[in-house]
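*Asks:* Sharing target_32.pdb (PDB, C-alpha atoms) below.
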```pdb
ATOM      1  CA  GLY N   1      92.025 114.608  87.696
ATOM      2  CA  GLU N   2      89.557 112.447  89.526
ATOM      3  CA  ASP N   3      89.121 112.698  93.250
ATOM      4  CA  VAL N   4      87.905 109.122  93.448
ATOM      5  CA  GLU N   5      90.331 106.438  92.297
ATOM      6  CA  GLN N   6      89.624 102.913  91.118
ATOM      7  CA  SER N   7      91.685 100.272  89.377
ATOM      8  CA  LEU N   8      90.766  99.908  85.722
ATOM      9  CA  PHE N   9      90.261  96.208  85.316
ATOM     10  CA  LEU N  10      89.558  93.009  87.221
ATOM     11  CA  SER N  11      89.231  89.496  85.844
ATOM     12  CA  VAL N  12      87.875  86.580  87.872
ATOM     13  CA  ARG N  13      86.567  83.082  87.254
ATOM     14  CA  GLU N  14      82.893  82.294  87.652
ATOM     15  CA  GLY N  15      82.161  81.231  91.217
ATOM     16  CA  ASP N  16      85.100  83.142  92.697
ATOM     17  CA  SER N  17      84.758  86.278  94.789
ATOM     18  CA  SER N  18      85.498  89.664  93.249
ATOM     19  CA  VAL N  19      86.837  92.586  95.223
ATOM     20  CA  ILE N  20      86.721  96.044  93.684
ATOM     21  CA  ASN N  21      88.565  98.797  95.508
ATOM     22  CA  CYS N  22      88.088 102.544  95.640
ATOM     23  CA  THR N  23      89.768 105.427  97.384
ATOM     24  CA  TYR N  24      88.002 108.723  97.869
ATOM     25  CA  THR N  25      89.136 112.106  99.087
ATOM     26  CA  ASP N  26      86.273 114.047 100.614
ATOM     27  CA  SER N  27      85.988 113.194 104.287
ATOM     28  CA  SER N  28      82.714 115.107 104.458
ATOM     29  CA  SER N  29      81.029 112.472 102.302
ATOM     30  CA  THR N  30      78.363 110.930 104.432
ATOM     31  CA  TYR N  31      77.267 108.404 101.836
ATOM     32  CA  LEU N  32      79.343 106.300  99.458
ATOM     33  CA  TYR N  33      77.778 104.413  96.593
ATOM     34  CA  TRP N  34      78.428 101.564  94.222
ATOM     35  CA  TYR N  35      76.830 101.640  90.793
ATOM     36  CA  LYS N  36      76.919  99.060  87.992
ATOM     37  CA  GLN N  37      76.860  99.889  84.305
ATOM     38  CA  GLU N  38      76.244  97.293  81.635
ATOM     39  CA  PRO N  39      77.047  97.990  77.966
ATOM     40  CA  GLY N  40      74.742 100.571  76.454
ATOM     41  CA  ALA N  41      72.891 101.134  79.706
ATOM     42  CA  GLY N  42      72.659 103.737  82.423
ATOM     43  CA  LEU N  43      73.846 103.345  85.995
ATOM     44  CA  GLN N  44      72.190 100.843  88.288
ATOM     45  CA  LEU N  45      72.479 101.507  92.013
ATOM     46  CA  LEU N  46      73.890  98.388  93.675
ATOM     47  CA  THR N  47      74.327  99.471  97.241
ATOM     48  CA  TYR N  48      75.493 102.298  99.453
ATOM     49  CA  ILE N  49      77.037 102.711 102.863
ATOM     50  CA  PHE N  50      76.658 105.407 105.463
ATOM     51  CA  SER N  51      79.953 106.796 106.691
ATOM     52  CA  ASN N  52      79.405 105.742 110.307
ATOM     53  CA  MET N  53      79.307 102.088 109.229
ATOM     54  CA  ASP N  54      82.291  99.803 108.678
ATOM     55  CA  MET N  55      80.488  97.135 106.743
ATOM     56  CA  LYS N  56      77.225  96.511 104.969
ATOM     57  CA  GLN N  57      76.063  93.216 103.555
ATOM     58  CA  ASP N  58      73.333  92.855 100.958
ATOM     59  CA  GLN N  59      72.904  89.322  99.595
ATOM     60  CA  ARG N  60      76.054  88.601  97.532
ATOM     61  CA  LEU N  61      77.420  92.100  98.037
ATOM     62  CA  THR N  62      79.584  93.218 100.932
ATOM     63  CA  VAL N  63      80.793  96.781 101.266
ATOM     64  CA  LEU N  64      83.701  97.584 103.540
ATOM     65  CA  LEU N  65      84.559 101.135 104.536
ATOM     66  CA  ASN N  66      87.810 102.271 106.112
ATOM     67  CA  LYS N  67      87.109 105.911 106.855
ATOM     68  CA  LYS N  68      90.576 106.573 108.246
ATOM     69  CA  ASP N  69      92.199 105.555 104.967
ATOM     70  CA  LYS N  70      89.247 106.763 102.851
ATOM     71  CA  HIS N  71      89.085 103.305 101.300
ATOM     72  CA  LEU N  72      85.949 101.584 100.097
ATOM     73  CA  SER N  73      85.623  98.087  98.696
ATOM     74  CA  LEU N  74      82.889  96.037  97.100
ATOM     75  CA  ARG N  75      83.030  92.280  97.398
ATOM     76  CA  ILE N  76      80.825  90.179  95.130
ATOM     77  CA  ALA N  77      80.508  86.605  96.336
ATOM     78  CA  ASP N  78      80.014  83.720  93.888
ATOM     79  CA  THR N  79      80.607  85.983  90.899
ATOM     80  CA  GLN N  80      78.523  85.110  87.847
ATOM     81  CA  THR N  81      78.994  85.924  84.165
ATOM     82  CA  GLY N  82      76.052  88.304  84.483
ATOM     83  CA  ASP N  83      78.140  90.363  86.902
ATOM     84  CA  SER N  84      80.449  91.355  84.037
ATOM     85  CA  ALA N  85      80.088  95.133  83.823
ATOM     86  CA  ILE N  86      81.753  98.373  84.851
ATOM     87  CA  TYR N  87      81.485  99.227  88.528
ATOM     88  CA  PHE N  88      81.662 102.795  89.755
ATOM     89  CA  CYS N  89      82.125 104.026  93.264
ATOM     90  CA  ALA N  90      80.859 107.499  94.064
ATOM     91  CA  GLU N  91      81.072 109.868  96.962
ATOM     92  CA  ALA N  92      78.464 112.423  97.937
ATOM     93  CA  PRO N  93      80.267 115.494  99.321
ATOM     94  CA  ARG N  94      78.244 116.979 102.149
ATOM     95  CA  ASN N  95      77.973 120.540 100.921
ATOM     96  CA  ALA N  96      77.527 119.935  97.210
ATOM     97  CA  GLY N  97      73.788 119.469  96.978
ATOM     98  CA  ASN N  98      73.054 116.140  95.384
ATOM     99  CA  MET N  99      76.217 116.015  93.294
ATOM    100  CA  LEU N 100      78.043 112.703  93.137
ATOM    101  CA  THR N 101      81.755 112.453  92.366
ATOM    102  CA  PHE N 102      82.520 109.232  90.543
ATOM    103  CA  GLY N 103      85.600 107.131  90.165
ATOM    104  CA  GLY N 104      86.761 106.128  86.712
ATOM    105  CA  GLY N 105      85.129 102.727  86.949
ATOM    106  CA  THR N 106      86.466  99.182  87.214
ATOM    107  CA  ARG N 107      85.701  96.820  84.378
ATOM    108  CA  LEU N 108      84.921  93.384  85.808
ATOM    109  CA  MET N 109      85.289  90.451  83.463
ATOM    110  CA  VAL N 110      83.967  87.103  84.652
ATOM    111  CA  LYS N 111      85.317  84.071  82.812
ATOM    112  CA  PRO N 112      83.230  80.889  82.699
TER     113      PRO N 112
ATOM    114  CA  LYS X   1      56.794 103.278  89.972
ATOM    115  CA  ALA X   2      58.265 103.925  86.556
ATOM    116  CA  GLY X   3      61.970 104.670  86.504
ATOM    117  CA  VAL X   4      63.788 107.706  85.188
ATOM    118  CA  THR X   5      63.110 108.144  81.498
ATOM    119  CA  GLN X   6      65.239 110.029  79.021
ATOM    120  CA  THR X   7      64.438 111.039  75.480
ATOM    121  CA  PRO X   8      65.673 110.639  72.890
ATOM    122  CA  ARG X   9      67.908 107.644  73.503
ATOM    123  CA  TYR X  10      70.156 108.378  70.544
ATOM    124  CA  LEU X  11      70.893 111.578  68.707
ATOM    125  CA  ILE X  12      73.215 112.553  65.877
ATOM    126  CA  LYS X  13      74.010 116.212  65.296
ATOM    127  CA  THR X  14      76.625 118.204  63.417
ATOM    128  CA  ARG X  15      79.042 120.764  64.775
ATOM    129  CA  GLY X  16      77.500 124.136  65.435
ATOM    130  CA  GLN X  17      73.988 122.827  65.944
ATOM    131  CA  GLN X  18      72.171 122.855  69.237
ATOM    132  CA  VAL X  19      70.422 120.011  71.014
ATOM    133  CA  THR X  20      67.827 119.582  73.760
ATOM    134  CA  LEU X  21      67.640 116.454  75.887
ATOM    135  CA  SER X  22      64.741 115.579  78.135
ATOM    136  CA  CYS X  23      64.493 113.768  81.460
ATOM    137  CA  SER X  24      61.404 112.682  83.356
ATOM    138  CA  PRO X  25      62.217 111.798  86.955
ATOM    139  CA  ILE X  26      60.615 109.137  89.083
ATOM    140  CA  SER X  27      57.188 110.272  90.246
ATOM    141  CA  GLY X  28      57.512 112.287  93.435
ATOM    142  CA  HIS X  29      61.194 113.066  92.920
ATOM    143  CA  ARG X  30      61.989 116.760  92.934
ATOM    144  CA  SER X  31      65.737 116.733  92.341
ATOM    145  CA  VAL X  32      67.164 116.116  88.886
ATOM    146  CA  SER X  33      70.877 116.009  88.134
ATOM    147  CA  TRP X  34      72.668 115.699  84.818
ATOM    148  CA  TYR X  35      75.982 113.982  84.138
ATOM    149  CA  GLN X  36      78.162 113.666  81.074
ATOM    150  CA  GLN X  37      79.992 110.390  80.500
ATOM    151  CA  THR X  38      82.897 110.163  78.059
ATOM    152  CA  PRO X  39      85.697 107.603  77.723
ATOM    153  CA  GLY X  40      88.323 110.243  78.435
ATOM    154  CA  GLN X  41      86.788 112.200  81.303
ATOM    155  CA  GLY X  42      84.508 109.607  82.836
ATOM    156  CA  LEU X  43      81.372 110.709  84.636
ATOM    157  CA  GLN X  44      81.203 114.426  85.261
ATOM    158  CA  PHE X  45      78.507 116.398  87.003
ATOM    159  CA  LEU X  46      76.811 119.031  84.872
ATOM    160  CA  PHE X  47      74.137 120.539  87.108
ATOM    161  CA  GLU X  48      71.330 119.836  89.525
ATOM    162  CA  TYR X  49      67.837 121.258  89.609
ATOM    163  CA  PHE X  50      65.496 121.236  92.551
ATOM    164  CA  SER X  51      62.044 122.804  92.553
ATOM    165  CA  GLU X  52      62.781 124.568  89.263
ATOM    166  CA  THR X  53      65.983 126.170  90.567
ATOM    167  CA  GLN X  54      69.536 125.288  89.659
ATOM    168  CA  ARG X  55      71.111 124.257  92.920
ATOM    169  CA  ASN X  56      74.584 123.279  91.843
ATOM    170  CA  LYS X  57      76.655 123.480  88.688
ATOM    171  CA  GLY X  58      79.711 121.613  87.498
ATOM    172  CA  ASN X  59      82.667 122.952  85.579
ATOM    173  CA  PHE X  60      81.209 123.150  82.085
ATOM    174  CA  PRO X  61      81.056 126.084  79.659
ATOM    175  CA  GLY X  62      77.986 128.254  79.365
ATOM    176  CA  ARG X  63      76.956 126.377  76.203
ATOM    177  CA  PHE X  64      75.514 123.793  78.569
ATOM    178  CA  SER X  65      72.316 124.897  80.218
ATOM    179  CA  GLY X  66      69.267 123.353  81.735
ATOM    180  CA  ARG X  67      65.932 123.964  83.275
ATOM    181  CA  GLN X  68      63.311 122.214  85.315
ATOM    182  CA  PHE X  69      59.580 122.490  84.973
ATOM    183  CA  SER X  70      56.923 122.572  87.673
ATOM    184  CA  ASN X  71      56.249 118.850  87.172
ATOM    185  CA  SER X  72      59.981 118.190  87.878
ATOM    186  CA  ARG X  73      60.740 117.196  84.296
ATOM    187  CA  SER X  74      64.041 118.620  83.195
ATOM    188  CA  GLU X  75      65.692 119.527  79.939
ATOM    189  CA  MET X  76      69.291 120.249  79.157
ATOM    190  CA  ASN X  77      70.447 122.204  76.171
ATOM    191  CA  VAL X  78      73.811 122.305  74.481
ATOM    192  CA  SER X  79      74.366 125.102  71.985
ATOM    193  CA  THR X  80      77.031 125.383  69.302
ATOM    194  CA  LEU X  81      77.905 121.724  69.479
ATOM    195  CA  GLU X  82      81.531 120.643  69.349
ATOM    196  CA  LEU X  83      82.950 117.226  68.510
ATOM    197  CA  GLY X  84      83.984 116.839  72.145
ATOM    198  CA  ASP X  85      80.365 117.039  73.258
ATOM    199  CA  SER X  86      79.826 113.521  71.951
ATOM    200  CA  ALA X  87      78.961 111.580  75.079
ATOM    201  CA  LEU X  88      76.375 109.673  77.025
ATOM    202  CA  TYR X  89      74.256 112.150  78.966
ATOM    203  CA  LEU X  90      72.761 110.678  82.095
ATOM    204  CA  CYS X  91      69.975 112.081  84.174
ATOM    205  CA  ALA X  92      69.446 111.129  87.805
ATOM    206  CA  SER X  93      66.527 111.800  90.090
ATOM    207  CA  LYS X  94      66.190 111.895  93.827
ATOM    208  CA  GLU X  95      63.273 112.593  96.146
ATOM    209  CA  ALA X  96      64.785 115.642  97.730
ATOM    210  CA  GLY X  97      67.249 115.404 100.530
ATOM    211  CA  TYR X  98      70.889 114.492 100.877
ATOM    212  CA  THR X  99      70.031 111.176 102.481
ATOM    213  CA  ASP X 100      67.799 110.047  99.642
ATOM    214  CA  THR X 101      69.056 107.657  96.992
ATOM    215  CA  GLN X 102      69.785 108.856  93.485
ATOM    216  CA  TYR X 103      68.481 106.811  90.537
ATOM    217  CA  PHE X 104      69.770 107.076  86.993
ATOM    218  CA  GLY X 105      68.041 106.896  83.656
ATOM    219  CA  PRO X 106      69.343 104.935  80.635
ATOM    220  CA  GLY X 107      70.981 108.003  79.120
ATOM    221  CA  THR X 108      70.946 109.795  75.789
ATOM    222  CA  ARG X 109      73.814 108.947  73.476
ATOM    223  CA  LEU X 110      74.775 112.121  71.580
ATOM    224  CA  THR X 111      77.090 111.893  68.597
ATOM    225  CA  VAL X 112      78.417 115.112  67.089
ATOM    226  CA  LEU X 113      79.790 114.826  63.553
TER     227      LEU X 113
END
```
Give the structure from the file, written as structure tokens.
*Replies:*
Amino acid sequence: GEDVEQSLFLSVREGDSSVINCTYTDSSSTYLYWYKQEPGAGLQLLTYIFSNMDMKQDQRLTVLLNKKDKHLSLRIADTQTGDSAIYFCAEAPRNAGNMLTFGGGTRLMVKP
Amino acid sequence: KAGVTQTPRYLIKTRGQQVTLSCSPISGHRSVSWYQQTPGQGLQFLFEYFSETQRNKGNFPGRFSGRQFSNSRSEMNVSTLELGDSALYLCASKEAGYTDTQYFGPGTRLTVL
């Protein structure tokens, strides 16, 4: 089974905010990442957060980290139809080289 | 800088054959990792190479192997293909250290018939 858990699906209306949640298990992970995958494409790095931070904001993206609960969220403000994609969170366990452990992905559908 | 490139983008093979996939990392990046993506298992780590040495390996059978060349380009090989090997194979590159960001290529879509 996966060590990183995400809900499968999220549907929002254009202009609304989207919040995608993730729980991870490895407390040694110093970095946590969000990647976006569009149909037929590879993974695009959206943003990442260092484990000593609670929040990181990058334009329309806000990442919140609750290290106690091992919970990570990605908020997309003013969601657009072009944001429709699969979003993956990933943890980077400290003693695993450069290996990333991914969640199963959340499919975001944005309705006009 | 050019991004991570993978060749070929699409590949169709039959069971029992072998296949070699290629990845060229971002210039200056020395770490290359490979991942397999399938609908059932999601994204799974295959292995990582750094300075021509395998540094970490995921839980895959010995039919999956890889190597890295002195220019950091990497290849992965799958021998005796099985239907279940049909997947998107993604390569990721990173400068070197744990704190560096990992960038992914577009992937090679392998279909095994």
*Asks:* Do you have the atom CA of N:Arg75-atom CA of N:Ala90 distance handy?
*Replies:* 15.7 Å
*Asks:* For N:Ser29, find every residue with an atom within 10 Å (counting all atoms listed in the file), except residues of its own chain fewer than 3 positions away, and show them as a PyMOL selection string.
*Replies:* chain N and resi 24-26+32+50-51+90-96+100-101
*Asks:* At a cut-off of 9 Å, can you tabulate as JSON lines every residue of chain N near chain X together with its closest atom pair and the distance in Å to one decimal, using all atoms listed in the file and ordering rows by chain then number?
*Replies:*
```
{"residue": "N:Gly1", "atom": "CA", "partner": "X:Gln41", "partner_atom": "CA", "distance": 8.6}
{"residue": "N:Glu2", "atom": "CA", "partner": "X:Gln41", "partner_atom": "CA", "distance": 8.7}
{"residue": "N:Thr30", "atom": "CA", "partner": "X:Thr99", "partner_atom": "CA", "distance": 8.6}
{"residue": "N:Tyr31", "atom": "CA", "partner": "X:Thr99", "partner_atom": "CA", "distance": 7.8}
{"residue": "N:Gly40", "atom": "CA", "partner": "X:Pro106", "partner_atom": "CA", "distance": 8.1}
{"residue": "N:Ala41", "atom": "CA", "partner": "X:Pro106", "partner_atom": "CA", "distance": 5.3}
{"residue": "N:Gly42", "atom": "CA", "partner": "X:Pro106", "partner_atom": "CA", "distance": 4.0}
{"residue": "N:Leu43", "atom": "CA", "partner": "X:Phe104", "partner_atom": "CA", "distance": 5.6}
{"residue": "N:Gln44", "atom": "CA", "partner": "X:Phe104", "partner_atom": "CA", "distance": 6.8}
{"residue": "N:Leu45", "atom": "CA", "partner": "X:Tyr103", "partner_atom": "CA", "distance": 6.8}
{"residue": "N:Tyr48", "atom": "CA", "partner": "X:Thr101", "partner_atom": "CA", "distance": 8.7}
{"residue": "N:Ala92", "atom": "CA", "partner": "X:Tyr98", "partner_atom": "CA", "distance": 8.4}
{"residue": "N:Arg94", "atom": "CA", "partner": "X:Tyr98", "partner_atom": "CA", "distance": 7.9}
{"residue": "N:Ala96", "atom": "CA", "partner": "X:Asn56", "partner_atom": "CA", "distance": 7.0}
{"residue": "N:Gly97", "atom": "CA", "partner": "X:Asn56", "partner_atom": "CA", "distance": 6.4}
{"residue": "N:Asn98", "atom": "CA", "partner": "X:Tyr98", "partner_atom": "CA", "distance": 6.1}
{"residue": "N:Met99", "atom": "CA", "partner": "X:Phe45", "partner_atom": "CA", "distance": 6.7}
{"residue": "N:Leu100", "atom": "CA", "partner": "X:Phe45", "partner_atom": "CA", "distance": 7.2}
{"residue": "N:Thr101", "atom": "CA", "partner": "X:Gln44", "partner_atom": "CA", "distance": 7.4}
{"residue": "N:Phe102", "atom": "CA", "partner": "X:Leu43", "partner_atom": "CA", "distance": 6.2}
{"residue": "N:Gly103", "atom": "CA", "partner": "X:Gly42", "partner_atom": "CA", "distance": 7.8}
{"residue": "N:Gly104", "atom": "CA", "partner": "X:Gly42", "partner_atom": "CA", "distance": 5.7}
{"residue": "N:Gly105", "atom": "CA", "partner": "X:Gly42", "partner_atom": "CA", "distance": 8.0}
```
*Asks:* Please provide as a short mmCIF file (atom, residue, chain, number, x, y, z; two decimals) with C-alpha atoms, in the coordinates of the input all residues within 9 Å of N:Met109, with the sequence filter that same-chain residues fewer than 5 positions apart are discarded (counting all atoms listed in the file).
*Replies:*
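This went into part-v2.cif:
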```cif
data_model
loop_
_atom_site.label_atom_id
_atom_site.label_comp_id
_atom_site.auth_asym_id
_atom_site.auth_seq_id
_atom_site.Cartn_x
_atom_site.Cartn_y
_atom_site.Cartn_z
CA PHE N 9 90.26 96.21 85.32
CA LEU N 10 89.56 93.01 87.22
CA SER N 11 89.23 89.50 85.84
CA VAL N 12 87.88 86.58 87.87
CA ARG N 13 86.57 83.08 87.25
CA THR N 81 78.99 85.92 84.16
CA ASP N 83 78.14 90.36 86.90
CA SER N 84 80.45 91.36 84.04
CA ALA N 85 80.09 95.13 83.82
CA ILE N 86 81.75 98.37 84.85
#
```
*Asks:* I'd like the interatomic distance between atom CA of X:Val78 and atom CA of X:Pro25, to a tenth of an Å.
*Replies:* 20.0 Å
*Asks:* Atom CA of X:Asp85 and atom CA of X:Ser72 are how many Å apart?
*Replies:*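 Atom CA of X:Ser72 lies 25.1 Å from atom CA of X:Asp85.
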*Asks:* Using the chain letters and numbers from the file, which residues does the PyMOL selection byres ((chain X and resi 2) around 8) grab, as a list in words?
*Replies:*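 Listing what the PyMOL selection byres ((chain X and resi 2) around 8) selects in the shown file: Lys1, Gly3, Val4, Ile26 and Ser27 of chain X.
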*Asks:* Residues within 6 Å of N:Trp34, please, as an NGL selection string. Count all atoms listed in the file; anything in the same chain fewer than 4 positions from it doesn't count.
*Replies:* :N and (46-47 or 88-89)
*Asks:* Find the residue from X:Ser22, X:Thr7, X:Ser65, X:Leu110 that sits nearest to X:Asn77; use only C-alpha atoms when measuring.
*Replies:* X:Ser65
*Asks:* Rank X:Ser24, X:Gln6, X:Thr14, X:Thr111 by their smallest atom-to-atom distance to X:Ser74, using all atoms listed in the file, and report the top residue only.
*Replies:*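 Of X:Ser24, X:Gln6, X:Thr14, X:Thr111, the one nearest X:Ser74, counting all atoms listed in the file, is X:Ser24.
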*Asks:* Pick out the residues sitting within 6 Å of N:Leu64, and hand them over as number ranges by chain; count all atoms listed in the file, and ignore anything fewer than 4 positions along from it in its own chain.
*Replies:* N: 54-55, 72-73
*Asks:* Between X:Gln17, X:Thr38, X:Thr53, X:Asn59, which one has atoms that come closest to X:Ser79, using all atoms listed in the file?
*Replies:*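 Ranking X:Gln17, X:Thr38, X:Thr53, X:Asn59 by distance to X:Ser79, first place goes to X:Gln17.
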*Asks:* Of the candidates X:Gln68, X:Arg63, X:Leu81, X:Arg30, which one gets nearest to X:Glu95 if we count all atoms listed in the file?
*Replies:*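 Using all atoms listed in the file, X:Glu95 sits closest to X:Arg30.
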*Asks:* For N:Leu74, work out the shell of residues within 8 Å, counting all atoms listed in the file and skipping chain neighbours fewer than 5 positions away, then give it as a VMD selection string.
*Replies:* chain N and resid 18 to 21 34 61 to 64
